[in-house]
>>> print(open('model.cif').read())   # mmCIF, C-alpha atoms
data_model
#
loop_
_atom_site.group_PDB
_atom_site.id
_atom_site.type_symbol
_atom_site.label_atom_id
_atom_site.label_comp_id
_atom_site.auth_asym_id
_atom_site.auth_seq_id
_atom_site.Cartn_x
_atom_site.Cartn_y
_atom_site.Cartn_z
ATOM 1 C CA MET F 5 -16.812 -18.037 1.310
ATOM 2 C CA PRO F 6 -16.626 -20.981 -1.114
ATOM 3 C CA PHE F 7 -14.879 -18.786 -3.708
ATOM 4 C CA ASN F 8 -12.654 -15.738 -3.764
ATOM 5 C CA ILE F 9 -13.863 -13.723 -6.752
ATOM 6 C CA GLN F 10 -11.934 -10.634 -7.803
ATOM 7 C CA ARG F 11 -14.153 -9.398 -10.606
ATOM 8 C CA GLY F 12 -16.942 -6.859 -10.940
ATOM 9 C CA LEU F 13 -18.354 -5.559 -7.683
ATOM 10 C CA PHE F 14 -16.411 -8.170 -5.715
ATOM 11 C CA LYS F 15 -13.217 -6.428 -6.798
ATOM 12 C CA LEU F 16 -14.516 -3.293 -5.047
ATOM 13 C CA ASP F 17 -15.038 -5.214 -1.787
ATOM 14 C CA ILE F 18 -18.808 -5.413 -2.355
ATOM 15 C CA THR F 19 -20.452 -8.822 -2.228
ATOM 16 C CA ASP F 20 -22.647 -8.986 -5.324
ATOM 17 C CA HIS F 21 -25.839 -10.600 -4.054
ATOM 18 C CA TYR F 22 -27.559 -10.117 -7.394
ATOM 19 C CA ALA F 23 -24.799 -11.945 -9.259
ATOM 20 C CA ILE F 24 -24.961 -14.800 -6.745
ATOM 21 C CA LEU F 25 -28.685 -15.217 -7.432
ATOM 22 C CA GLY F 26 -28.268 -14.620 -11.158
ATOM 23 C CA LEU F 27 -30.493 -11.544 -11.173
ATOM 24 C CA PRO F 28 -30.198 -8.073 -12.721
ATOM 25 C CA VAL F 29 -29.988 -5.195 -10.243
ATOM 26 C CA THR F 30 -33.299 -3.900 -11.618
ATOM 27 C CA ILE F 31 -35.271 -7.040 -10.771
ATOM 28 C CA ASP F 32 -38.694 -6.833 -9.163
ATOM 29 C CA THR F 33 -38.818 -8.036 -5.562
ATOM 30 C CA LYS F 34 -41.470 -10.635 -6.410
ATOM 31 C CA VAL F 35 -39.033 -12.517 -8.663
ATOM 32 C CA ILE F 36 -36.304 -12.847 -6.031
ATOM 33 C CA ARG F 37 -37.989 -15.572 -3.988
ATOM 34 C CA LYS F 38 -38.853 -17.623 -7.087
ATOM 35 C CA ARG F 39 -35.249 -17.512 -8.259
ATOM 36 C CA TYR F 40 -33.940 -18.366 -4.801
ATOM 37 C CA LEU F 41 -36.163 -21.446 -4.490
ATOM 38 C CA LYS F 42 -35.008 -22.718 -7.876
ATOM 39 C CA ILE F 43 -31.335 -22.344 -6.928
ATOM 40 C CA ALA F 44 -31.868 -23.859 -3.482
ATOM 41 C CA GLN F 45 -33.467 -26.919 -5.021
ATOM 42 C CA SER F 46 -30.521 -27.444 -7.356
ATOM 43 C CA LEU F 47 -27.975 -27.108 -4.534
ATOM 44 C CA HIS F 48 -29.642 -28.730 -1.535
ATOM 45 C CA PRO F 49 -28.102 -32.133 -0.619
ATOM 46 C CA ASP F 50 -31.511 -33.850 -0.801
ATOM 47 C CA THR F 51 -32.421 -32.575 -4.259
ATOM 48 C CA SER F 52 -29.164 -31.755 -6.049
ATOM 49 C CA LYS F 53 -28.019 -33.815 -9.015
ATOM 50 C CA VAL F 54 -24.274 -33.499 -8.467
ATOM 51 C CA ALA F 55 -22.021 -36.360 -9.476
ATOM 52 C CA ASN F 56 -20.022 -37.069 -6.304
ATOM 53 C CA ASP F 57 -19.567 -36.283 -2.623
ATOM 54 C CA GLN F 58 -16.997 -33.552 -3.264
ATOM 55 C CA GLU F 59 -19.371 -31.646 -5.529
ATOM 56 C CA ARG F 60 -22.214 -32.237 -3.079
ATOM 57 C CA GLN F 61 -20.140 -30.635 -0.315
ATOM 58 C CA LEU F 62 -19.292 -27.669 -2.529
ATOM 59 C CA ALA F 63 -22.951 -27.242 -3.500
ATOM 60 C CA SER F 64 -23.920 -27.251 0.178
ATOM 61 C CA GLU F 65 -21.329 -24.571 0.962
ATOM 62 C CA ILE F 66 -22.469 -22.390 -1.920
ATOM 63 C CA LEU F 67 -26.036 -22.631 -0.685
ATOM 64 C CA SER F 68 -25.272 -21.882 2.974
ATOM 65 C CA LYS F 69 -22.477 -19.328 2.597
ATOM 66 C CA TRP F 70 -23.514 -17.525 -0.577
ATOM 67 C CA VAL F 71 -27.064 -18.104 -1.743
ATOM 68 C CA ASN F 72 -28.875 -18.001 1.601
ATOM 69 C CA PRO F 73 -27.152 -14.776 2.810
ATOM 70 C CA ALA F 74 -27.785 -13.112 -0.566
ATOM 71 C CA TYR F 75 -31.466 -13.967 -0.368
ATOM 72 C CA GLU F 76 -31.723 -12.679 3.206
ATOM 73 C CA ILE F 77 -30.341 -9.301 2.100
ATOM 74 C CA LEU F 78 -32.439 -8.921 -1.026
ATOM 75 C CA LYS F 79 -35.757 -10.174 0.308
ATOM 76 C CA GLY F 80 -36.099 -7.699 3.181
ATOM 77 C CA LYS F 81 -35.400 -4.152 4.325
ATOM 78 C CA GLY F 82 -31.691 -4.616 3.767
ATOM 79 C CA ARG F 83 -32.250 -4.386 0.015
ATOM 80 C CA ASN F 84 -32.921 -0.620 0.142
ATOM 81 C CA GLU F 85 -29.647 0.040 1.873
ATOM 82 C CA TYR F 86 -27.812 -2.333 -0.421
ATOM 83 C CA GLN F 87 -29.269 -0.515 -3.438
ATOM 84 C CA LEU F 88 -27.900 2.712 -1.997
ATOM 85 C CA VAL F 89 -24.433 1.162 -1.857
ATOM 86 C CA LEU F 90 -24.686 0.096 -5.497
ATOM 87 C CA SER F 91 -26.067 3.442 -6.623
ATOM 88 C CA GLN F 92 -23.327 5.413 -4.910
ATOM 89 C CA THR F 93 -20.701 3.052 -6.303
ATOM 90 C CA GLY F 94 -21.939 3.669 -9.846
ATOM 91 C CA LYS F 95 -21.968 7.432 -9.329
ATOM 92 C CA ARG F 96 -18.497 7.421 -7.800
ATOM 93 C CA LEU F 97 -17.034 5.442 -10.687
ATOM 94 C CA ALA F 98 -18.720 7.717 -13.212
ATOM 95 C CA SER F 99 -17.395 10.828 -11.450
ATOM 96 C CA GLU F 100 -13.889 9.354 -11.581
ATOM 97 C CA GLY F 101 -14.054 8.951 -15.349
ATOM 98 C CA GLY F 102 -15.675 5.539 -15.639
ATOM 99 C CA LYS F 103 -12.369 3.722 -15.991
ATOM 100 C CA ILE F 104 -12.909 0.083 -15.085
ATOM 101 C CA ASN F 105 -11.427 -3.198 -16.297
ATOM 102 C CA VAL F 106 -13.673 -6.124 -17.148
ATOM 103 C CA GLU F 107 -12.601 -9.524 -18.459
ATOM 104 C CA SER F 108 -15.675 -11.004 -20.121
ATOM 105 C CA GLU F 109 -16.471 -10.080 -23.703
ATOM 106 C CA VAL F 110 -20.157 -9.473 -22.959
ATOM 107 C CA ALA F 111 -19.266 -6.980 -20.206
ATOM 108 C CA GLN F 112 -16.825 -5.215 -22.531
ATOM 109 C CA LYS F 113 -19.505 -4.929 -25.188
ATOM 110 C CA LEU F 114 -22.017 -3.573 -22.687
ATOM 111 C CA LEU F 115 -19.450 -1.024 -21.586
ATOM 112 C CA GLN F 116 -18.999 0.171 -25.177
ATOM 113 C CA ALA F 117 -22.632 -0.127 -26.326
ATOM 114 C CA SER F 118 -24.287 3.029 -27.621
ATOM 115 C CA SER F 119 -27.905 1.862 -27.371
ATOM 116 C CA ASN F 120 -30.231 -0.822 -26.009
ATOM 117 C CA ILE F 121 -28.390 -0.814 -22.680
ATOM 118 C CA ASP F 122 -31.298 -2.085 -20.573
ATOM 119 C CA THR F 123 -32.430 -4.730 -23.057
ATOM 120 C CA ALA F 124 -28.914 -6.001 -23.676
ATOM 121 C CA TYR F 125 -28.080 -6.109 -19.982
ATOM 122 C CA GLN F 126 -31.188 -8.031 -18.961
ATOM 123 C CA THR F 127 -30.894 -10.464 -21.885
ATOM 124 C CA VAL F 128 -27.277 -11.323 -21.139
ATOM 125 C CA VAL F 129 -27.930 -11.752 -17.415
ATOM 126 C CA GLN F 130 -30.876 -14.031 -18.131
ATOM 127 C CA ALA F 131 -28.823 -16.172 -20.501
ATOM 128 C CA LEU F 132 -25.968 -16.610 -18.024
ATOM 129 C CA ALA F 133 -28.348 -17.280 -15.124
ATOM 130 C CA ALA F 134 -30.034 -20.097 -17.073
ATOM 131 C CA LYS F 135 -26.879 -22.211 -16.805
ATOM 132 C CA GLN F 136 -25.390 -20.666 -13.643
ATOM 133 C CA TYR F 137 -25.858 -23.639 -11.318
ATOM 134 C CA ASP F 138 -25.797 -26.492 -13.816
ATOM 135 C CA GLU F 139 -22.218 -27.337 -12.796
ATOM 136 C CA VAL F 140 -21.005 -26.302 -9.335
ATOM 137 C CA GLY F 141 -17.429 -26.181 -10.550
ATOM 138 C CA LYS F 142 -18.305 -23.351 -12.956
ATOM 139 C CA VAL F 143 -20.416 -21.270 -10.559
ATOM 140 C CA ALA F 144 -17.591 -18.890 -9.630
ATOM 141 C CA GLU F 145 -16.819 -18.085 -13.275
ATOM 142 C CA ILE F 146 -20.430 -17.264 -14.087
ATOM 143 C CA VAL F 147 -20.930 -15.241 -10.900
ATOM 144 C CA GLY F 148 -17.835 -13.246 -11.849
ATOM 145 C CA GLN F 149 -19.229 -12.539 -15.320
ATOM 146 C CA LEU F 150 -22.589 -11.523 -13.874
ATOM 147 C CA SER F 151 -20.923 -9.190 -11.395
ATOM 148 C CA GLU F 152 -18.976 -7.524 -14.201
ATOM 149 C CA LEU F 153 -22.234 -6.964 -16.062
ATOM 150 C CA ASN F 154 -23.817 -5.501 -12.930
ATOM 151 C CA LEU F 155 -20.857 -3.186 -12.416
ATOM 152 C CA VAL F 156 -20.927 -1.958 -16.018
ATOM 153 C CA TYR F 157 -24.685 -1.410 -15.904
ATOM 154 C CA LEU F 158 -24.467 0.593 -12.668
ATOM 155 C CA LEU F 159 -21.673 2.698 -14.125
ATOM 156 C CA ARG F 160 -23.588 3.407 -17.324
ATOM 157 C CA LYS F 161 -26.958 4.138 -15.702
ATOM 158 C CA GLN F 162 -25.716 6.064 -12.677
ATOM 159 C CA GLY F 163 -23.290 7.903 -14.929
ATOM 160 C CA GLN F 164 -26.255 9.323 -16.820
ATOM 161 C CA GLY F 165 -27.482 10.937 -13.618
ATOM 162 C CA VAL F 166 -24.019 12.332 -12.934
ATOM 163 C CA ARG F 167 -23.790 13.933 -16.363
ATOM 164 C CA GLU F 168 -27.343 15.315 -16.203
ATOM 165 C CA ALA F 169 -26.694 16.863 -12.793
ATOM 166 C CA SER F 170 -23.416 18.287 -14.033
ATOM 167 C CA ALA F 171 -25.106 19.896 -17.019
ATOM 168 C CA ALA F 172 -27.909 21.332 -14.879
ATOM 169 C CA ALA F 173 -25.708 22.660 -12.080
ATOM 170 C CA PRO F 174 -24.988 26.437 -12.186
ATOM 171 C CA SER F 175 -21.381 27.509 -12.366
ATOM 172 C CA PRO F 176 -19.716 28.440 -9.055
ATOM 173 C CA GLY F 177 -20.740 31.878 -7.853
ATOM 174 C CA SER F 178 -23.485 32.278 -10.448
ATOM 175 C CA THR F 179 -26.967 33.472 -9.503
ATOM 176 C CA SER F 180 -30.162 32.957 -11.425
ATOM 177 C CA THR F 181 -31.583 36.402 -12.020
ATOM 178 C CA THR F 182 -34.681 38.080 -13.300
ATOM 179 C CA GLY F 183 -34.151 41.676 -14.275
ATOM 180 C CA GLY F 184 -30.896 41.855 -12.333
ATOM 181 C CA LYS F 185 -32.462 40.408 -9.139
ATOM 182 C CA PRO F 186 -32.331 36.900 -7.760
ATOM 183 C CA SER F 187 -35.154 34.811 -9.172
ATOM 184 C CA PRO F 188 -37.885 33.533 -6.804
ATOM 185 C CA SER F 189 -36.677 29.959 -7.320
ATOM 186 C CA ALA F 190 -33.141 30.913 -6.321
ATOM 187 C CA THR F 191 -34.455 32.650 -3.225
ATOM 188 C CA ARG F 192 -36.553 29.661 -2.209
ATOM 189 C CA SER F 193 -33.663 27.224 -2.645
ATOM 190 C CA ALA F 194 -31.285 29.133 -0.355
ATOM 191 C CA PRO F 195 -31.006 27.404 3.056
ATOM 192 C CA PRO F 196 -31.853 29.518 6.089
ATOM 193 C CA PRO F 197 -29.059 30.585 8.435
ATOM 194 C CA THR F 198 -28.181 27.940 11.001
ATOM 195 C CA SER F 199 -29.484 30.056 13.860
ATOM 196 C CA GLU F 200 -32.916 30.271 12.213
ATOM 197 C CA ARG F 201 -33.349 26.579 11.461
ATOM 198 C CA LYS F 202 -36.087 24.762 13.305
ATOM 199 C CA THR F 203 -35.626 21.512 15.140
ATOM 200 C CA SER F 204 -35.241 18.702 12.642
ATOM 201 C CA PRO F 205 -37.765 15.817 12.714
ATOM 202 C CA VAL F 206 -34.835 13.390 12.799
ATOM 203 C CA ASP F 207 -33.401 14.782 16.043
ATOM 204 C CA GLY F 208 -35.163 12.157 18.145
ATOM 205 C CA CYS F 209 -33.800 9.330 16.014
ATOM 206 C CA VAL F 210 -30.305 10.789 16.163
ATOM 207 C CA ARG F 211 -30.451 11.205 19.932
ATOM 208 C CA ARG F 212 -31.618 7.613 20.479
ATOM 209 C CA ALA F 213 -29.009 6.320 18.046
ATOM 210 C CA GLN F 214 -26.291 8.176 19.945
ATOM 211 C CA GLU F 215 -27.465 6.513 23.144
ATOM 212 C CA TYR F 216 -27.280 3.080 21.527
ATOM 213 C CA ILE F 217 -23.834 3.796 20.110
ATOM 214 C CA ALA F 218 -22.651 4.829 23.561
ATOM 215 C CA LYS F 219 -23.728 1.363 24.741
ATOM 216 C CA ASN F 220 -22.027 -0.319 21.736
ATOM 217 C CA ASN F 221 -25.434 -1.431 20.489
ATOM 218 C CA TYR F 222 -24.771 -0.565 16.859
ATOM 219 C CA SER F 223 -27.546 -2.695 15.363
ATOM 220 C CA LYS F 224 -30.278 -0.792 17.191
ATOM 221 C CA ALA F 225 -28.561 2.496 16.396
ATOM 222 C CA ILE F 226 -28.728 1.642 12.695
ATOM 223 C CA LEU F 227 -32.433 0.810 12.969
ATOM 224 C CA GLU F 228 -33.101 4.214 14.571
ATOM 225 C CA LEU F 229 -31.103 5.981 11.889
ATOM 226 C CA ARG F 230 -32.942 4.159 9.122
ATOM 227 C CA ASP F 231 -36.168 5.607 10.538
ATOM 228 C CA GLY F 232 -34.514 9.011 10.589
ATOM 229 C CA LEU F 233 -33.527 8.762 6.937
ATOM 230 C CA LYS F 234 -37.124 7.985 6.030
ATOM 231 C CA LEU F 235 -37.995 11.414 7.461
ATOM 232 C CA ASP F 236 -35.000 13.178 5.932
ATOM 233 C CA PRO F 237 -33.024 11.135 3.351
ATOM 234 C CA ASN F 238 -30.324 13.837 3.199
ATOM 235 C CA SER F 239 -29.697 14.210 6.925
ATOM 236 C CA SER F 240 -25.942 14.503 7.409
ATOM 237 C CA SER F 241 -26.342 13.596 11.084
ATOM 238 C CA CYS F 242 -28.127 10.337 10.265
ATOM 239 C CA HIS F 243 -25.739 9.372 7.476
ATOM 240 C CA GLY F 244 -22.686 10.293 9.550
ATOM 241 C CA LEU F 245 -23.786 8.285 12.572
ATOM 242 C CA MET F 246 -24.867 5.341 10.444
ATOM 243 C CA GLY F 247 -21.490 5.352 8.723
ATOM 244 C CA TRP F 248 -19.788 5.358 12.112
ATOM 245 C CA ALA F 249 -21.995 2.507 13.367
ATOM 246 C CA TYR F 250 -21.196 0.421 10.295
ATOM 247 C CA LEU F 251 -17.515 1.210 10.711
ATOM 248 C CA LYS F 252 -17.611 -0.098 14.281
ATOM 249 C CA GLN F 253 -19.150 -3.293 12.904
ATOM 250 C CA ASN F 254 -16.331 -3.609 10.357
ATOM 251 C CA GLN F 255 -18.743 -3.117 7.445
ATOM 252 C CA VAL F 256 -16.422 -0.797 5.557
ATOM 253 C CA SER F 257 -18.318 -0.627 2.259
ATOM 254 C CA MET F 258 -21.543 0.451 3.969
ATOM 255 C CA ALA F 259 -19.642 2.896 6.159
ATOM 256 C CA LYS F 260 -18.032 4.550 3.133
ATOM 257 C CA VAL F 261 -21.378 5.107 1.434
ATOM 258 C CA HIS F 262 -23.029 6.793 4.410
ATOM 259 C CA ILE F 263 -20.007 8.874 5.374
ATOM 260 C CA ALA F 264 -19.774 10.095 1.775
ATOM 261 C CA LYS F 265 -23.473 11.015 1.826
ATOM 262 C CA ALA F 266 -23.002 12.900 5.104
ATOM 263 C CA LEU F 267 -20.059 14.861 3.731
ATOM 264 C CA GLN F 268 -22.021 15.644 0.602
ATOM 265 C CA SER F 269 -24.849 17.132 2.681
ATOM 266 C CA ASN F 270 -22.540 18.812 5.186
ATOM 267 C CA PRO F 271 -18.763 18.771 4.652
ATOM 268 C CA ASN F 272 -18.312 20.007 8.236
ATOM 269 C CA ASP F 273 -20.292 17.229 9.907
ATOM 270 C CA PRO F 274 -18.035 16.208 12.828
ATOM 271 C CA ILE F 275 -19.065 12.544 12.922
ATOM 272 C CA ALA F 276 -18.581 12.179 9.176
ATOM 273 C CA GLN F 277 -15.165 13.834 9.403
ATOM 274 C CA LYS F 278 -14.253 11.476 12.232
ATOM 275 C CA GLY F 279 -15.367 8.514 10.125
ATOM 276 C CA GLN F 280 -13.407 9.813 7.153
ATOM 277 C CA LYS F 281 -10.228 9.909 9.239
ATOM 278 C CA ALA F 282 -10.876 6.421 10.574
ATOM 279 C CA LEU F 283 -11.332 5.101 7.041
ATOM 280 C CA ALA F 284 -8.131 6.813 5.944
ATOM 281 C CA GLN F 285 -6.273 4.959 8.697
ATOM 282 C CA LEU F 286 -7.620 1.731 7.195
ATOM 283 C CA GLY F 287 -6.303 2.774 3.799
ATOM 284 C CA GLN F 288 -9.812 3.501 2.529
ATOM 285 C CA LYS F 289 -10.175 6.718 0.556
ATOM 286 C CA ILE F 290 -13.570 8.348 0.971
ATOM 287 C CA THR F 291 -14.854 10.368 -1.944
ATOM 288 C CA PRO F 292 -18.117 12.224 -1.209
ATOM 289 C CA ALA F 293 -20.634 12.165 -4.045
ATOM 290 C CA GLN F 294 -19.554 15.517 -5.511
ATOM 291 C CA SER F 295 -19.949 14.306 -9.055
ATOM 292 C CA ALA F 296 -22.894 16.651 -9.663
ATOM 293 C CA SER F 297 -20.439 19.526 -10.057
ATOM 294 C CA SER F 298 -17.752 17.633 -11.941
ATOM 295 C CA SER F 299 -17.373 17.998 -15.674
ATOM 296 C CA GLY F 300 -16.452 15.579 -18.378
ATOM 297 C CA SER F 301 -17.034 12.542 -16.177
ATOM 298 C CA SER F 302 -18.706 10.199 -18.563
ATOM 299 C CA SER F 303 -18.653 6.466 -18.932
ATOM 300 C CA SER F 304 -18.042 7.117 -22.587
ATOM 301 C CA ASP F 305 -14.513 8.154 -21.620
ATOM 302 C CA SER F 306 -13.795 4.642 -20.392
ATOM 303 C CA LYS F 307 -10.424 3.249 -21.326
ATOM 304 C CA ALA F 308 -11.223 -0.278 -20.247
ATOM 305 C CA THR F 309 -9.852 -3.132 -22.285
ATOM 306 C CA LYS F 310 -11.504 -3.118 -25.681
ATOM 307 C CA PRO F 311 -13.481 -6.145 -26.803
ATOM 308 C CA LYS F 312 -12.208 -8.480 -29.426
ATOM 309 C CA SER F 313 -12.809 -7.456 -32.980
ATOM 310 C CA GLY F 314 -16.067 -8.384 -34.573
ATOM 311 C CA GLY F 315 -19.633 -7.937 -33.397
ATOM 312 C CA GLY F 316 -20.780 -11.504 -33.673
ATOM 313 C CA GLY F 317 -21.469 -14.002 -30.972
ATOM 314 C CA MET F 318 -24.519 -14.775 -28.910
ATOM 315 C CA PHE F 319 -25.221 -11.188 -27.860
ATOM 316 C CA GLY F 320 -23.634 -9.256 -30.725
ATOM 317 C CA GLY F 321 -26.952 -8.045 -32.174
ATOM 318 C CA LEU F 322 -28.047 -6.479 -28.863
ATOM 319 C CA PHE F 323 -25.387 -3.806 -28.784
ATOM 320 C CA GLY F 324 -25.367 -0.681 -30.903
ATOM 321 C CA GLY F 325 -21.616 -0.593 -31.469
ATOM 322 C CA LYS F 326 -18.944 1.333 -29.677
ATOM 323 C CA LYS F 327 -19.644 4.671 -28.095
ATOM 324 C CA LYS F 328 -18.138 7.624 -29.899
#
>>> encode(input="model.cif", output="structure tokens")
Amino acid sequence: MPFNIQRGLFKLDITDHYAILGLPVTIDTKVIRKRYLKIAQSLHPDTSKVANDQERQLASEILSKWVNPAYEILKGKGRNEYQLVLSQTGKRLASEGGKINVESEVAQKLLQASSNIDTAYQTVVQALAAKQYDEVGKVAEIVGQLSELNLVYLLRKQGQGVREASAAAPSPGSTSTTGGKPSPSATRSAPPPTSERKTSPVDGCVRRAQEYIAKNNYSKAILELRDGLKLDPNSSSCHGLMGWAYLKQNQVSMAKVHIAKALQSNPNDPIAQKGQKALAQLGQKITPAQSASSSGSSSSDSKATKPKSGGGGMFGGLFGGKKK
């Protein structure tokens, strides 16, 4: 990597492909290629306008080691899985109280904003992206700011889902009743006993994935499991095996997401439990997405560093003041 950034998503061991391309995480797929081509033109040795050979070398490294890989992830099927990583990261942070530290003033303001979150976020990202690759020596700083904005936005937006699920979830042991009897909706939602469950449509994908894993062919196993998750997005078997396959490929961030999803669907899934232990040995704590039942986990409780006094500046008018 041309830079070692310890801000935003990078600080969580997640390469922020959106920040590298100067795009919001909500961007339409059609825009990604247009943005990539513009950056590539400004960095390519034949078309860049850098001042000297040293900067030309740095621009070439940024293009080959950062920009090209980011585009490859976001332009294809890998984007869906990457979005899952980001989504789960936002939910996890929200469930843990939304306590994050950001350095840039614009990220701090977005963290504290009470309204216009989407508009403010997209406007700030667009403004930073406009000058992102004007000077190669300042690329790392701007990417870091963009990643902080992405992290804050994910926390705020995914945190909404966490709080809504928490408010809608029944209290432990409660039963929805009608006239003292379980309601029809409660009856329909109860899972059948294990012995009565029919063969799952993902069983074939799981079986083939297990065969590939036995042969250390983890890439093909992941492809099979992706097909399985299209049939059943909540399959603990698919998520557990995919987490294990990613773990064997040393892709820890991806492994954590899928193992957490597996444990959320089935806390007793043996593969997921095995992956959880393996992650623990690596010093990686796995926290299944149990935020739906947690209470009081709101990004409004954030104790991140407060922004400087005053609401002026380039983006001051976009934010609705501090959250109360």
>>> atom_distance(input="model.cif", atom1="CA of Gln136 in chain F", atom2="CA of Thr51 in chain F")
16.7 Å
>>> resolve_selection(input="model.cif", expression="the PyMOL selection byres ((chain F and resi 236) around 12)", output="ChimeraX atom specification")
/F:204-207,209-210,229-235,237-243,269
>>> axis_aligned_box(input="model.cif", around="range 112-117 of chain F", padding_each_side="3 Å", output="AutoDock Vina command-line options")
--center_x -19.7 --center_y -2.5 --center_z -24.0 --size_x 11.8 --size_y 11.4 --size_z 10.7
>>> resolve_selection(input="model.cif", expression="the PyMOL selection byres ((chain F and resi 33) around 12)", output="list in words")
Tyr22, Leu27, Pro28, Val29, Thr30, Ile31, Asp32, Lys34, Val35, Ile36, Arg37, Lys38, Arg39, Tyr40, Tyr75, Ile77, Leu78, Lys79, Gly80, Lys81, Arg83 and Asn84 of chain F
>>> closest_atom_pairs(input="model.cif", of="range 87-161 of chain F", to="range 41-46 of chain F", cutoff="12 Å", atoms="only C-alpha atoms", output="CSV")
residue,atom,partner,partner_atom,distance
F:Ala133,CA,F:Ile43,CA,10.1
F:Ala134,CA,F:Ile43,CA,10.5
F:Lys135,CA,F:Ile43,CA,10.8
F:Gln136,CA,F:Ile43,CA,9.1
F:Tyr137,CA,F:Ile43,CA,7.1
F:Asp138,CA,F:Ser46,CA,8.1
F:Glu139,CA,F:Ser46,CA,9.9
F:Val140,CA,F:Ser46,CA,9.8
F:Val143,CA,F:Ile43,CA,11.6
>>> atom_distance(input="model.cif", atom1="CA of Leu47 in chain F", atom2="CA of Trp70 in chain F")
11.3 Å
>>> closest_residue(input="model.cif", among="F:Ile18, F:Ala23, F:Ile9, F:Leu158", to="Leu97 in chain F", atoms="all atoms listed in the file")
F:Leu158
>>> residues_around(input="model.cif", residues="Asn270 in chain F", least_positions_apart="2", cutoff="12 Å", atoms="only C-alpha atoms", output="list in words")
Asn238, Ser239, Ser240, Ser241, Cys242, His243, Gly244, Ile263, Ala264, Lys265, Ala266, Leu267, Gln268, Asn272, Asp273, Pro274, Ile275, Ala276, Gln277, Pro292, Ala293 and Gln294 of chain F
>>> residues_around(input="model.cif", residues="Ser257 in chain F", least_positions_apart="4", cutoff="8 Å", atoms="all atoms listed in the file", output="JSON, numbers by chain")
{"F": [17, 18, 89, 261]}
>>> residues_near_point(input="model.cif", point="(-16.4, -7.5, -4.1)", cutoff="10 Å", atoms="only C-alpha atoms", output="list in words")
Asn8, Ile9, Gln10, Arg11, Gly12, Leu13, Phe14, Lys15, Leu16, Asp17, Ile18, Thr19, Asp20, His21, Gly148, Ser151 and Ser257 of chain F
>>> write_last_selection(input="model.cif", atoms="C-alpha atoms", output="PDB file, in the coordinates of the input")
ATOM      1  CA  ASN F   8     -12.654 -15.738  -3.764  1.00  0.00           C
ATOM      2  CA  ILE F   9     -13.863 -13.723  -6.752  1.00  0.00           C
ATOM      3  CA  GLN F  10     -11.934 -10.634  -7.803  1.00  0.00           C
ATOM      4  CA  ARG F  11     -14.153  -9.398 -10.606  1.00  0.00           C
ATOM      5  CA  GLY F  12     -16.942  -6.859 -10.940  1.00  0.00           C
ATOM      6  CA  LEU F  13     -18.354  -5.559  -7.683  1.00  0.00           C
ATOM      7  CA  PHE F  14     -16.411  -8.170  -5.715  1.00  0.00           C
ATOM      8  CA  LYS F  15     -13.217  -6.428  -6.798  1.00  0.00           C
ATOM      9  CA  LEU F  16     -14.516  -3.293  -5.047  1.00  0.00           C
ATOM     10  CA  ASP F  17     -15.038  -5.214  -1.787  1.00  0.00           C
ATOM     11  CA  ILE F  18     -18.808  -5.413  -2.355  1.00  0.00           C
ATOM     12  CA  THR F  19     -20.452  -8.822  -2.228  1.00  0.00           C
ATOM     13  CA  ASP F  20     -22.647  -8.986  -5.324  1.00  0.00           C
ATOM     14  CA  HIS F  21     -25.839 -10.600  -4.054  1.00  0.00           C
ATOM     15  CA  GLY F 148     -17.835 -13.246 -11.849  1.00  0.00           C
ATOM     16  CA  SER F 151     -20.923  -9.190 -11.395  1.00  0.00           C
ATOM     17  CA  SER F 257     -18.318  -0.627   2.259  1.00  0.00           C
TER      18      SER F 257
END
>>> atom_distance(input="model.cif", atom1="CA of Gly163 in chain F", atom2="CA of Ser99 in chain F")
7.4 Å
>>> residues_around(input="model.cif", residues="Tyr125 in chain F", least_positions_apart="3", cutoff="12 Å", atoms="all atoms listed in the file", output="number ranges by chain")
F: 27-31, 110-115, 117, 119-122, 128-132, 149-158, 160-161, 319, 322-323
>>> closest_residue(input="model.cif", among="F:Gly287, F:Gly208, F:Gly279, F:Gly102", to="Leu159 in chain F", atoms="all atoms listed in the file")
F:Gly102
>>> resolve_selection(input="model.cif", expression="the PyMOL selection byres ((chain F and resi 215) around 12)", output="JSON, numbers by chain")
{"F": [208, 209, 210, 211, 212, 213, 214, 216, 217, 218, 219, 220, 221, 222, 224, 225, 226, 228, 229, 245, 249]}
>>> closest_residue(input="model.cif", among="F:Ala282, F:Gly94, F:Ala144, F:Leu25", to="Glu76 in chain F", atoms="all atoms listed in the file")
F:Leu25
>>> closest_residue(input="model.cif", among="F:Pro73, F:Pro271, F:Gly82, F:Pro49", to="Met258 in chain F", atoms="only C-alpha atoms")
F:Gly82
